[in-house]
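A.B. asks: See target.tsv below, with TSV, C-alpha atoms.
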```tsv
chain	number	residue	atom	x	y	z
A	5	MET	CA	-78.30	156.64	-96.40
A	6	THR	CA	-79.94	153.55	-97.77
A	7	THR	CA	-83.24	152.09	-96.81
A	8	THR	CA	-81.49	149.17	-95.14
A	9	SER	CA	-79.33	151.52	-93.08
A	10	LYS	CA	-82.40	153.48	-92.00
A	11	SER	CA	-84.18	150.25	-91.06
A	12	ILE	CA	-81.19	149.07	-89.03
A	13	GLN	CA	-80.90	152.46	-87.34
A	14	THR	CA	-84.64	152.50	-86.56
A	15	GLY	CA	-84.41	148.95	-85.21
A	16	GLU	CA	-81.45	149.86	-83.00
A	17	HIS	CA	-83.31	152.91	-81.73
A	18	SER	CA	-86.38	150.80	-80.96
A	19	LEU	CA	-84.22	148.19	-79.25
A	20	GLU	CA	-82.55	150.85	-77.10
A	21	ALA	CA	-85.94	152.36	-76.19
A	22	GLY	CA	-87.17	148.88	-75.21
A	23	ARG	CA	-84.09	148.31	-73.06
A	24	GLN	CA	-84.57	151.67	-71.34
A	25	TYR	CA	-88.26	150.92	-70.72
A	26	ALA	CA	-87.39	147.50	-69.25
A	27	SER	CA	-84.66	149.03	-67.10
A	28	ASP	CA	-87.05	151.69	-65.76
A	29	ALA	CA	-89.70	149.06	-65.03
A	30	LEU	CA	-87.15	146.91	-63.20
A	31	ASP	CA	-86.01	149.89	-61.12
A	32	LYS	CA	-89.59	150.72	-60.17
A	33	ALA	CA	-90.30	147.08	-59.29
A	34	GLY	CA	-87.17	146.99	-57.13
A	35	GLU	CA	-88.25	150.13	-55.28
A	36	THR	CA	-91.71	148.67	-54.71
A	37	VAL	CA	-90.26	145.43	-53.34
A	38	ARG	CA	-87.98	147.36	-50.99
A	39	GLU	CA	-90.92	149.44	-49.76
A	40	LEU	CA	-93.06	146.34	-49.23
A	41	ARG	CA	-90.24	144.58	-47.41
A	42	SER	CA	-89.72	147.59	-45.15
A	43	GLY	CA	-93.46	147.84	-44.45
A	44	ALA	CA	-93.69	144.13	-43.65
A	45	ARG	CA	-90.68	144.39	-41.34
A	46	ASP	CA	-92.23	147.36	-39.52
A	47	PHE	CA	-95.57	145.56	-39.19
A	48	ALA	CA	-93.91	142.43	-37.81
A	49	SER	CA	-91.92	144.49	-35.34
A	50	ARG	CA	-95.01	146.37	-34.12
A	51	SER	CA	-96.95	143.10	-33.83
A	52	LEU	CA	-94.16	141.46	-31.87
A	53	HIS	CA	-93.96	144.40	-29.47
A	54	GLY	CA	-97.75	144.35	-29.07
A	55	VAL	CA	-97.75	140.65	-28.23
A	56	ALA	CA	-94.88	141.12	-25.78
A	57	ASP	CA	-96.70	143.99	-24.08
A	58	SER	CA	-99.92	141.96	-23.84
A	59	ALA	CA	-98.05	138.97	-22.43
A	60	ALA	CA	-96.34	141.16	-19.83
A	61	ALA	CA	-99.67	142.72	-18.83
A	62	ALA	CA	-101.30	139.28	-18.56
A	63	GLN	CA	-98.41	138.01	-16.47
A	64	ARG	CA	-98.71	141.03	-14.16
A	65	ARG	CA	-102.45	140.48	-13.73
A	66	LEU	CA	-101.95	136.79	-13.09
A	67	GLY	CA	-99.42	137.65	-10.39
A	68	GLU	CA	-101.90	140.07	-8.84
A	69	TYR	CA	-104.64	137.41	-8.87
A	70	ALA	CA	-102.30	134.84	-7.36
A	71	GLY	CA	-101.35	137.27	-4.60
A	72	ALA	CA	-105.00	138.08	-3.88
A	73	THR	CA	-105.87	134.38	-3.80
A	74	THR	CA	-102.99	133.61	-1.45
A	75	ARG	CA	-104.11	136.40	0.89
A	76	TYR	CA	-107.72	135.18	0.80
A	77	VAL	CA	-106.72	131.60	1.59
A	78	SER	CA	-104.50	132.83	4.43
A	79	ASP	CA	-107.29	135.00	5.83
A	80	GLN	CA	-110.13	132.47	5.33
A	81	PRO	CA	-108.66	128.91	5.29
A	82	VAL	CA	-111.85	127.01	6.19
A	83	LYS	CA	-114.02	128.95	3.76
A	84	SER	CA	-111.39	128.45	1.02
A	85	ALA	CA	-111.30	124.69	1.65
A	86	LEU	CA	-115.11	124.47	1.48
A	87	ILE	CA	-115.20	126.46	-1.77
A	88	ALA	CA	-112.51	124.20	-3.27
A	89	ALA	CA	-114.40	121.08	-2.18
A	90	ALA	CA	-117.65	122.39	-3.69
A	91	ILE	CA	-115.96	123.18	-7.00
A	92	GLY	CA	-114.30	119.74	-7.02
A	93	ALA	CA	-117.67	118.07	-6.42
A	94	LEU	CA	-119.25	120.12	-9.21
A	95	VAL	CA	-116.51	119.17	-11.67
A	96	ALA	CA	-116.78	115.49	-10.68
A	97	GLY	CA	-120.56	115.65	-11.21
A	98	VAL	CA	-120.14	117.14	-14.68
A	99	VAL	CA	-117.59	114.46	-15.64
A	100	ILE	CA	-119.82	111.64	-14.37
A	101	ALA	CA	-122.85	113.06	-16.19
A	102	ALA	CA	-120.84	113.38	-19.41
A	103	ARG	CA	-119.66	109.76	-19.16
A	104	ARG	CA	-123.21	108.52	-18.60
A	105	HIS	CA	-124.43	110.53	-21.58
A	106	ASN	CA	-121.67	109.10	-23.80
A	107	ARG	CA	-122.49	105.51	-22.75
A	108	LYS	CA	-126.17	105.99	-23.60
A	109	SER	CA	-125.24	107.38	-27.02
A	110	TYR	CA	-123.69	104.07	-28.09
```
Before we go any further, please render this structure as structure tokens.
C.D. replies:
Amino acid sequence: MTTTSKSIQTGEHSLEAGRQYASDALDKAGETVRELRSGARDFASRSLHGVADSAAAAQRRLGEYAGATTRYVSDQPVKSALIAAAIGALVAGVVIAARRHNRKSY
């Protein structure tokens, strides 16, 4: 075998080893991407279920508070009206004070 033949054979062997290395690296990268995609999908699913559960719990509590408020107003209509009027007056006072403060700032 000549030196040229040996060089060609060595080059082909090196080329084949490089191809195999690249193929293995690509396979490993593909596996990693699949694992990451699966993990991200699982995380998104768990997060979505968590949000849905929290929203359902909040809706339940809001319904309970609304029911309790309705019962209180039914049981104590005058007291409820006075409380509402006092809160309305407080909010109006805060708005008026904020407007006055803003006018003085200019």
A.B. asks: Rounded to one decimal in Å, what is the spacing between CA of Lys83 in chain A and CA of Val99 in chain A?
C.D. replies: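 Answer for the CA of Lys83 in chain A to CA of Val99 in chain A separation: 24.5 Å.
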A.B. asks: In Å, with one decimal, what is the gap from CA of Lys10 in chain A to CA of Asp28 in chain A?
C.D. replies: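 Interatomic distance, CA of Lys10 in chain A to CA of Asp28 in chain A: 26.7 Å.
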A.B. asks: Would you work out the distance separating CA of Asp57 in chain A from CA of Arg75 in chain A, expressed in Å to one decimal?
C.D. replies: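 Computing it gives 27.1 Å between the two atoms.
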A.B. asks: Box time for range 72-85 of chain A: axis-aligned, enclosing all its listed atoms, 6 Å extra on each side; report centre and edge lengths in Å to one decimal, as lines of an AutoDock Vina configuration file.
C.D. replies:
```
center_x = -108.5
center_y = 131.4
center_z = 1.2
size_x = 23.0
size_y = 25.4
size_z = 22.1
```
